[in-house]
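Beneath this line is the structure, given in structure tokens, with notes to follow.
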Amino acid sequence: MALSSRITRKIKALSSYIGIRPLSISTHPQPSEEVTGERRFLLHSSPEPKLSDHSRTLRFPQTRISELYNDLRVVTQSSPTSAVQTASVGVWIEAGSRFETPQTNGTAHFLEHMIFKGTPRRSACALEEEIENMGARLNAYTSREQTAFYVNVLRDDVPIAVDILADVFQNSEFSENAIMHERGVILREMEEVQGKAEEVIFDHLHSAAFRNNPLGNTILGPRENIQKISEKDLFRYISTHYTGRRTVRVVNNDLPIAHLAIAFKGSGWADPNSIPVMVLQSLLGSWNKNVGVGNYSGSELAHRVSTDDLAESIMAFNTNYRDTGLFGIYSTAMPDCLPSLSLAIMQELRRMAHQISEAEVMRARNQLKSVLLLRIDGTSAVAENNGRQMLKHGRIVPFLELFARIDAVDAATIKETAKEFIINKDVAIAAMGPIHQLPDYNRFRSQTCMQ
């Protein structure tokens, strides 16, 4: 998309305020990206590997990256489909709960709530009306390492979207009344989250895995911080950031089922091991009793759990951060199943290091590639992918390159990766609910030893 001089001026105005940060724009189609390097990669559609050319099916619109005078990176990419008449314009900032101290934890998320509460040019009400009159959608989120704000609009309204983002990032006003209102909203949000065990358990898991490290902070922050965050704290955060044994157990017999998360230290975004760990996650798989396909699942763990009725659900997860990560398995189960389920999970994790077949790895690679492609659905997903990659890699990794790296992972690579990340490594455990029958930490740790 050729940016008009007006849009360029707005982006420059925005960049002068927030410093070195990527702005991602996704809009209507442009010519496909050039295919570079080796064109033939393995694509498995049968037990026997077959050579195929990914470039015939993976033709994505070209991504353009430009830098402004203050190093703000602007990413522009068209939509993969010609029928799309919408665009997503957003700002992705490398700031989140990881960059907070115990005293400021929760500020990034609080700021997310406050950023659209009005400027001298636009009151909060006027801002909402402007968005609604365009038929646009305003979105924002805060994670441990990123904060994002983006707008989905008709492509002809991109200049207005850029103007709105430039205005709120440079001129937002944080009135005391608005702060008090959002404080109440966030405290209610906290109460809602506390009632969702599937969310709370991952906060406990981070606390267990990253003790005395900001990655162990929750995104919402503690109640005492939320109750005292002020206008001064919010502006200070903008000026700063917008330019042993590891186990937690929470016994709650009121919960009908037990929630268990088992995790190991994973890889950072730039770590060469990040791709093998992604394949490892795909190998471990996921399963839910309500879906009922476990007996036919390619995941050995899902097959065992389903056949022996060990759990209500299991899900392998893999979270990457800048210089580390967290991967493992989250499960829900009836209390009396915890001993057998825990053993099955640990045995399967250990098996990855010495008894994995090429057929299993083939299937996991194909499943992973399918998941990655399905995530790029619509302009918002494209913009989100571009913003995240610019923050983590400083460039957009083409799917041809990504798939080539995935296809390079074989059974030997998985075994080496499992030995490096699982065998004889500390394990972090988080459990909630009726967990009296959960094995102790030493039992989990002993199961990481090669037998």
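Here, A, B, ... name the chains of the structure tokens in the order displayed, residue numbers run from 1 inside each chain, and ligands are numbered from 1 in the same displayed order.
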
For segment 410-422 of chain A, work out the shell of residues within 9 Å, counting only C-alpha atoms and skipping chain neighbours fewer than 2 positions away, then give it as number ranges by chain.
A: 264-267, 273, 276-277, 279-280, 349-362, 406-408, 424-427, 448-450

Please save C-alpha atoms of the selected residues as a PDB file, in the first residue's frame.
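Saved file result39.pdb follows:
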ATOM      1  CA  PHE A 264      10.277 -27.064  31.907  1.00  0.00           C
ATOM      2  CA  LYS A 265      12.438 -24.154  30.912  1.00  0.00           C
ATOM      3  CA  GLY A 266      11.973 -23.621  27.177  1.00  0.00           C
ATOM      4  CA  SER A 267      13.709 -21.635  24.463  1.00  0.00           C
ATOM      5  CA  ASN A 273      16.081 -24.776  19.543  1.00  0.00           C
ATOM      6  CA  PRO A 276      12.465 -28.297  17.599  1.00  0.00           C
ATOM      7  CA  VAL A 277      10.603 -27.347  20.788  1.00  0.00           C
ATOM      8  CA  VAL A 279       7.677 -29.737  16.987  1.00  0.00           C
ATOM      9  CA  LEU A 280       8.027 -31.334  20.425  1.00  0.00           C
ATOM     10  CA  LEU A 349       8.075 -36.586  28.261  1.00  0.00           C
ATOM     11  CA  ARG A 350      10.981 -38.897  29.026  1.00  0.00           C
ATOM     12  CA  ARG A 351      10.190 -41.079  25.984  1.00  0.00           C
ATOM     13  CA  MET A 352      10.821 -38.084  23.738  1.00  0.00           C
ATOM     14  CA  ALA A 353      14.523 -38.427  24.535  1.00  0.00           C
ATOM     15  CA  HIS A 354      15.044 -42.022  23.462  1.00  0.00           C
ATOM     16  CA  GLN A 355      12.121 -43.732  21.727  1.00  0.00           C
ATOM     17  CA  ILE A 356      10.537 -41.443  19.156  1.00  0.00           C
ATOM     18  CA  SER A 357       9.922 -42.588  15.580  1.00  0.00           C
ATOM     19  CA  GLU A 358      10.348 -40.769  12.283  1.00  0.00           C
ATOM     20  CA  ALA A 359       6.657 -41.379  11.477  1.00  0.00           C
ATOM     21  CA  GLU A 360       5.598 -39.561  14.657  1.00  0.00           C
ATOM     22  CA  VAL A 361       7.869 -36.630  13.859  1.00  0.00           C
ATOM     23  CA  MET A 362       6.558 -36.430  10.280  1.00  0.00           C
ATOM     24  CA  ILE A 406      10.481 -27.256  10.562  1.00  0.00           C
ATOM     25  CA  ASP A 407      11.159 -29.887   7.875  1.00  0.00           C
ATOM     26  CA  ALA A 408      14.775 -30.094   9.037  1.00  0.00           C
ATOM     27  CA  ASN A 424      17.723 -34.263  34.505  1.00  0.00           C
ATOM     28  CA  LYS A 425      16.222 -30.783  34.399  1.00  0.00           C
ATOM     29  CA  ASP A 426      14.224 -28.979  37.072  1.00  0.00           C
ATOM     30  CA  VAL A 427      10.492 -29.132  36.615  1.00  0.00           C
ATOM     31  CA  THR A 448      13.136 -36.681  34.510  1.00  0.00           C
ATOM     32  CA  CYS A 449      16.063 -39.064  34.915  1.00  0.00           C
ATOM     33  CA  MET A 450      16.894 -41.356  31.993  1.00  0.00           C
TER      34      MET A 450
END

Contact residues around Phe235 of chain A with only C-alpha atoms at 12 Å, ignoring same-chain residues under 3 positions, as a ChimeraX atom specification
/A:107-108,110-111,114-115,169-175,229-232,238-242

Determine, counting only C-alpha atoms, which protein, DNA and RNA residues have an atom within 8 Å of an atom of segment 193-201 of chain A; residues of the same chain fewer than 6 positions away are not included. Present the result as an MDAnalysis selection string.
chainID A and resid 259:261 430:432

From a DSSP calculation on the backbone, collect every residue of segment 59-250 of chain A in strand (DSSP E) and output the set as a PyMOL selection string.
chain A and resi 63-67+73-78+86-93+137-142+147-154+247-250

With C-alpha atoms kept, could you save the residues just selected as a PDB file, in the first residue's frame?
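Final output, result15.pdb:
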ATOM      1  CA  THR A  63       6.107  -7.560   3.309  1.00  0.00           C
ATOM      2  CA  ARG A  64       7.758  -4.138   3.220  1.00  0.00           C
ATOM      3  CA  ILE A  65       9.719  -2.756   6.150  1.00  0.00           C
ATOM      4  CA  SER A  66      10.814   0.862   6.369  1.00  0.00           C
ATOM      5  CA  GLU A  67      12.531   2.881   9.105  1.00  0.00           C
ATOM      6  CA  ARG A  73       9.968   0.396  12.068  1.00  0.00           C
ATOM      7  CA  VAL A  74       6.922   0.433   9.798  1.00  0.00           C
ATOM      8  CA  VAL A  75       5.725  -2.909   8.441  1.00  0.00           C
ATOM      9  CA  THR A  76       3.302  -2.993   5.501  1.00  0.00           C
ATOM     10  CA  GLN A  77       1.799  -6.186   4.119  1.00  0.00           C
ATOM     11  CA  SER A  78      -1.195  -6.895   1.939  1.00  0.00           C
ATOM     12  CA  THR A  86     -10.260  -4.059   5.226  1.00  0.00           C
ATOM     13  CA  ALA A  87      -7.037  -3.113   6.946  1.00  0.00           C
ATOM     14  CA  SER A  88      -5.497  -3.484  10.388  1.00  0.00           C
ATOM     15  CA  VAL A  89      -3.303  -0.694  11.722  1.00  0.00           C
ATOM     16  CA  GLY A  90      -1.574  -1.112  15.038  1.00  0.00           C
ATOM     17  CA  VAL A  91       1.320  -0.385  17.339  1.00  0.00           C
ATOM     18  CA  TRP A  92       3.245  -3.228  18.972  1.00  0.00           C
ATOM     19  CA  ILE A  93       5.411  -2.211  21.927  1.00  0.00           C
ATOM     20  CA  ARG A 137     -13.050  -2.300  15.787  1.00  0.00           C
ATOM     21  CA  LEU A 138     -10.560  -1.177  18.403  1.00  0.00           C
ATOM     22  CA  ASN A 139      -8.482  -3.847  20.139  1.00  0.00           C
ATOM     23  CA  ALA A 140      -5.716  -3.970  22.731  1.00  0.00           C
ATOM     24  CA  TYR A 141      -3.911  -6.528  24.824  1.00  0.00           C
ATOM     25  CA  THR A 142      -1.082  -6.786  27.331  1.00  0.00           C
ATOM     26  CA  THR A 147       1.551  -4.422  24.621  1.00  0.00           C
ATOM     27  CA  ALA A 148      -0.463  -3.925  21.448  1.00  0.00           C
ATOM     28  CA  PHE A 149      -3.111  -1.482  20.242  1.00  0.00           C
ATOM     29  CA  TYR A 150      -4.688  -1.915  16.822  1.00  0.00           C
ATOM     30  CA  VAL A 151      -7.700  -0.882  14.781  1.00  0.00           C
ATOM     31  CA  ASN A 152      -9.566  -2.871  12.114  1.00  0.00           C
ATOM     32  CA  VAL A 153     -11.017  -0.518   9.489  1.00  0.00           C
ATOM     33  CA  LEU A 154     -12.094  -0.328   5.873  1.00  0.00           C
ATOM     34  CA  THR A 247       6.232 -25.715  42.885  1.00  0.00           C
ATOM     35  CA  VAL A 248       2.964 -23.948  43.783  1.00  0.00           C
ATOM     36  CA  ARG A 249       0.029 -25.875  45.048  1.00  0.00           C
ATOM     37  CA  VAL A 250      -3.400 -24.338  45.729  1.00  0.00           C
TER      38      VAL A 250
END

9 Å contact set for His113 of chain A, only C-alpha atoms, chain neighbours under 6 positions out, as a list in words
Ala140, Glu182, Val185 and Ile186 of chain A

If you run DSSP on the backbone, which residues of segment 48-279 of chain A are alpha helix (DSSP H), as a count of residues only?
85

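Atom CA of Ile329 of chain A lies 23.1 Å from atom CA of Asn212 of chain A.
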
Nearest to Arg365 of chain A among A:Val409, A:Ala270, A:Leu68, A:Val291, with distances taken over only C-alpha atoms: which residue is it?
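The answer is A:Val409, which sits nearest to Arg365 of chain A.
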
Write out as a ChimeraX atom specification which residues come within 10 Å of segment 217-219 of chain A when counting only C-alpha atoms, dropping same-chain ones fewer than 2 positions away.
/A:96-102,105-110,142-145,200,202-204,206-207,210-215,221-222

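Atom to atom, atom CA of Ile376 of chain A and atom CA of His303 of chain A stand 29.2 Å apart.
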
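Going from atom CA of Thr332 of chain A to atom CA of Ile345 of chain A covers 12.3 Å.
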
Just want the 10 Å neighbourhood of Arg121 of chain A, counted on only C-alpha atoms, with same-chain residues fewer than 4 positions away dropped. Output as a compact mmCIF listing (two decimals) with N, CA and C atoms, in the first residue's frame.
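Final file, out32.txt:
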# COMPACT_ATOMS: atom_id res chain seq x y z
N ALA A 126 -16.30 10.89 22.15
CA ALA A 126 -16.09 11.24 20.74
C ALA A 126 -15.24 10.18 20.04
N LEU A 127 -14.26 9.64 20.77
CA LEU A 127 -13.40 8.60 20.21
C LEU A 127 -14.22 7.34 19.89
N ILE A 164 -5.85 8.49 14.71
CA ILE A 164 -6.34 8.15 16.06
C ILE A 164 -5.21 7.60 16.91
N ASP A 167 -2.77 10.27 17.87
CA ASP A 167 -3.35 11.18 18.87
C ASP A 167 -3.32 10.57 20.26
N VAL A 168 -3.78 9.31 20.39
CA VAL A 168 -3.88 8.73 21.74
C VAL A 168 -2.50 8.44 22.32
N ASN A 171 -1.11 12.22 23.11
CA ASN A 171 -1.87 13.23 23.84
C ASN A 171 -2.90 12.68 24.82
N SER A 172 -2.81 11.42 25.18
CA SER A 172 -3.81 10.85 26.09
C SER A 172 -3.83 11.59 27.42
